[in-house]
Amino acid sequence: EPEVTQTPSHQVTQMGQEVILRCVPISNHLYFYWYRQILGQKVEFLVSFYNNEISEKSEIFDDQFSVERPDGSNFTLKIRSTKLEDSAMYFCASSGGLAGQETQYFGPGTRLLVL
Amino acid sequence: AQSVTQLGSHVSVSEGALVLLRCNYSSSVPPYLFWYVQYPNQGLQLLLKYTTGATLVKGINGFEAEFKKSETSFHLTKPSAHMSDAAEYFCAVISDTGRRALTFGSGTRLQVQP
């Protein structure tokens, strides 16, 4: 069964460093998403991406964040200058169709720790 | 703004007992409603969803949920708990048909006692 994959599973970085989190969505899907979950808090939406541009973003997704689909398979989240409060589990998701209620399929997550 | 409330951050049941996980939402328009499950060290997996039509929705692993508009609820049930059901369960909503962002509840951790 097709699945969303994410690398790395864990990343430790120093405050102020740039990190890139990578995701391979399900191959025929059209929409891609990033969510995050700070320890002990809710899963929060960050951004959605369609047709090579951001289609929706939350107030969390500020200028420190960027997304890119550098090739036909990868979808990345870059945090330009990490802060302590960026420590969280980051989930990538993808959905297949154009309807808003299409199921979003989630990857296993990348746990980011900023020291 | 839409929101989701899951009553009970931890629920413990005995194996074979009824599972009931509660979810209430706030939305000014008919919502799309979802239940996801997260097993340890895994991603979120869709259990079931309600979009339109029949209000009782059946999902995987014997779970079902009923959309009750008058109560703004979408509670998750399973008649008989199994040890393998131990996981964290998240209710989520999309209540603006022009958006795709899922709004999640805070999650309920289900323990199943032998």
# chains A, B, ... in the order shown; residues from 1 in each chain; ligands from 1
$ residues_around --residues "Asn74 of chain A" --least-positions-apart "3" --cutoff "7 Å" --atoms "only C-alpha atoms" --output "number ranges by chain"
A: 22-24, 69-71
$ select_by_dssp --residues "chain A" --states "strand (DSSP E)" --output "PyMOL selection string"
chain A and resi 5-7+10-13+19-24+31-37+43-50+53-57+65-68+75-79+88-95+105-106+110-114
$ write_last_selection --atoms "C-alpha atoms" --output "CSV table (one decimal), in the first residue's frame"
chain,number,residue,atom,x,y,z
A,5,THR,CA,7.6,8.7,4.0
A,6,GLN,CA,9.6,11.2,5.9
A,7,THR,CA,13.3,11.7,6.6
A,10,HIS,CA,14.9,12.5,14.3
A,11,GLN,CA,16.9,15.6,14.0
A,12,VAL,CA,18.8,17.6,16.6
A,13,THR,CA,20.0,21.0,15.7
A,19,VAL,CA,17.0,22.6,8.9
A,20,ILE,CA,15.3,20.8,6.0
A,21,LEU,CA,12.7,18.2,6.6
A,22,ARG,CA,12.0,15.9,3.8
A,23,CYS,CA,8.9,14.1,2.7
A,24,VAL,CA,8.0,11.8,-0.2
A,31,TYR,CA,-2.0,18.3,-2.4
A,32,PHE,CA,0.8,18.3,0.2
A,33,TYR,CA,0.7,19.5,3.7
A,34,TRP,CA,2.9,20.1,6.8
A,35,TYR,CA,1.6,19.9,10.3
A,36,ARG,CA,3.4,20.0,13.6
A,37,GLN,CA,2.8,18.8,17.1
A,43,VAL,CA,-1.5,18.8,16.0
A,44,GLU,CA,-1.4,22.1,14.2
A,45,PHE,CA,-1.7,22.9,10.5
A,46,LEU,CA,1.2,24.8,9.0
A,47,VAL,CA,0.8,24.9,5.2
A,48,SER,CA,-0.7,23.2,2.1
A,49,PHE,CA,0.8,23.1,-1.3
A,50,TYR,CA,-0.7,22.6,-4.7
A,53,GLU,CA,2.6,27.0,-4.8
A,54,ILE,CA,1.3,27.5,-1.3
A,55,SER,CA,-2.5,27.2,-1.3
A,56,GLU,CA,-3.1,27.9,2.4
A,57,LYS,CA,-1.0,28.7,5.4
A,65,PHE,CA,9.4,28.7,7.1
A,66,SER,CA,9.4,27.7,3.4
A,67,VAL,CA,8.2,24.8,1.4
A,68,GLU,CA,9.4,23.4,-1.9
A,75,PHE,CA,8.4,17.8,-0.7
A,76,THR,CA,10.5,19.8,1.8
A,77,LEU,CA,9.9,22.1,4.8
A,78,LYS,CA,12.8,24.4,5.5
A,79,ILE,CA,13.2,26.3,8.8
A,88,ALA,CA,8.2,19.5,17.7
A,89,MET,CA,7.1,16.5,15.7
A,90,TYR,CA,6.6,17.5,12.1
A,91,PHE,CA,4.1,15.5,10.0
A,92,CYS,CA,3.9,15.6,6.2
A,93,ALA,CA,0.6,14.6,4.6
A,94,SER,CA,-0.7,14.3,1.1
A,95,SER,CA,-4.2,13.9,-0.5
A,105,TYR,CA,-2.5,10.5,4.4
A,106,PHE,CA,0.2,11.2,7.0
A,110,THR,CA,10.2,13.9,12.0
A,111,ARG,CA,11.0,14.7,15.6
A,112,LEU,CA,13.0,18.0,15.7
A,113,LEU,CA,14.8,19.0,18.8
A,114,VAL,CA,16.4,22.5,18.9
$ closest_residue --among "A:Gly40, A:Pro8, A:Gly96, A:Pro25" --to "chain B" --atoms "only C-alpha atoms"
A:Gly40
$ residues_around --residues "Trp35 of chain B" --least-positions-apart "6" --cutoff "12 Å" --atoms "only C-alpha atoms" --output "PyMOL selection string"
(chain A and resi 103-104) or (chain B and resi 4+6+21-24+44-50+57-60+63-67+74-77+88-94+102-105+107-108)
$ write_last_selection --atoms "C-alpha atoms" --output "compact mmCIF listing (two decimals), in the first residue's frame"
# COMPACT_ATOMS: atom_id res chain seq x y z
CA THR A 103 -8.42 11.95 3.02
CA GLN A 104 -5.05 13.28 4.04
CA VAL B 4 -12.60 20.57 18.30
CA GLN B 6 -12.11 15.88 22.95
CA LEU B 21 -14.30 8.50 22.74
CA ARG B 22 -16.00 11.86 22.69
CA CYS B 23 -15.60 14.65 20.19
CA ASN B 24 -17.50 17.91 19.93
CA LEU B 44 -1.70 9.42 11.84
CA GLN B 45 -3.94 6.85 10.18
CA LEU B 46 -7.50 7.62 9.12
CA LEU B 47 -10.09 5.55 10.96
CA LEU B 48 -13.19 7.04 9.38
CA LYS B 49 -14.67 10.26 8.07
CA TYR B 50 -18.01 11.96 7.60
CA VAL B 57 -20.05 6.11 9.55
CA LYS B 58 -18.20 2.82 9.76
CA GLY B 59 -14.44 2.71 9.71
CA ILE B 60 -11.58 0.31 9.99
CA PHE B 63 -14.87 1.50 14.82
CA GLU B 64 -17.82 3.69 13.94
CA ALA B 65 -18.93 7.24 14.64
CA GLU B 66 -22.18 9.11 14.38
CA PHE B 67 -22.53 12.70 13.27
CA PHE B 74 -18.95 13.00 16.39
CA HIS B 75 -18.24 10.40 19.06
CA LEU B 76 -16.20 7.32 18.21
CA THR B 77 -17.33 3.91 19.40
CA GLU B 88 -3.96 7.86 20.66
CA TYR B 89 -7.08 8.97 18.86
CA PHE B 90 -7.57 12.37 17.27
CA CYS B 91 -10.79 13.97 16.11
CA ALA B 92 -10.43 16.58 13.38
CA VAL B 93 -12.67 18.90 11.39
CA ILE B 94 -12.71 20.89 8.20
CA LEU B 102 -7.52 19.98 9.41
CA THR B 103 -8.23 21.37 12.87
CA PHE B 104 -7.42 18.71 15.43
CA GLY B 105 -8.61 18.03 18.93
CA GLY B 107 -6.29 13.71 21.42
CA THR B 108 -7.42 10.88 23.68
$ closest_residue --among "A:Ser87, A:Glu18, A:Gly107, A:Asn51" --to "Pro2 of chain A" --atoms "only C-alpha atoms"
A:Gly107
$ atom_distance --atom1 "atom CA of Lys78 of chain B" --atom2 "atom CA of Thr5 of chain B"
19.6 Å
$ atom_distance --atom1 "atom CA of Pro108 of chain A" --atom2 "atom CA of Thr52 of chain B"
28.9 Å
$ residues_around --residues "Met15 of chain A" --least-positions-apart "4" --cutoff "6 Å" --atoms "only C-alpha atoms" --output "PyMOL selection string"
chain A and resi 82-83+114-115
$ write_last_selection --atoms "N, CA, C and O atoms" --output "short mmCIF file (atom, residue, chain, number, x, y, z; two decimals), in the first residue's frame"
data_model
loop_
_atom_site.label_atom_id
_atom_site.label_comp_id
_atom_site.auth_asym_id
_atom_site.auth_seq_id
_atom_site.Cartn_x
_atom_site.Cartn_y
_atom_site.Cartn_z
N THR A 82 16.39 28.19 13.21
CA THR A 82 15.53 27.51 14.19
C THR A 82 15.56 28.19 15.55
O THR A 82 16.58 28.76 15.97
N LYS A 83 14.42 28.11 16.21
CA LYS A 83 14.26 28.62 17.57
C LYS A 83 13.93 27.44 18.49
O LYS A 83 13.50 26.38 18.02
N VAL A 114 15.48 21.34 18.98
CA VAL A 114 16.35 22.51 18.85
C VAL A 114 16.97 22.81 20.21
O VAL A 114 16.25 23.03 21.19
N LEU A 115 18.29 22.82 20.24
CA LEU A 115 19.01 23.05 21.51
C LEU A 115 19.57 24.46 21.59
O LEU A 115 19.85 25.07 20.54
#
$ atom_distance --atom1 "atom CA of Ser9 of chain A" --atom2 "atom CA of Gly109 of chain A"
6.5 Å
$ select_by_dssp --residues "chain B" --states "helix (DSSP H, G or I)" --output "ChimeraX atom specification"
/B:60-62,69-71,83-85
$ closest_residue --among "B:Arg99, B:Lys69, B:His10, B:His82" --to "chain A" --atoms "only C-alpha atoms"
B:Arg99
$ closest_residue --among "B:Asn61, B:Ser28, B:Leu33, B:Gln38" --to "Leu110 of chain B" --atoms "only C-alpha atoms"
B:Gln38
$ closest_residue --among "B:Gly43, B:Gly53, B:Pro114, B:Pro79" --to "Leu20 of chain B" --atoms "only C-alpha atoms"
B:Pro79
$ closest_residue --among "A:Lys42, A:Glu1, A:His29, A:Glu59" --to "chain B" --atoms "only C-alpha atoms"
A:Lys42
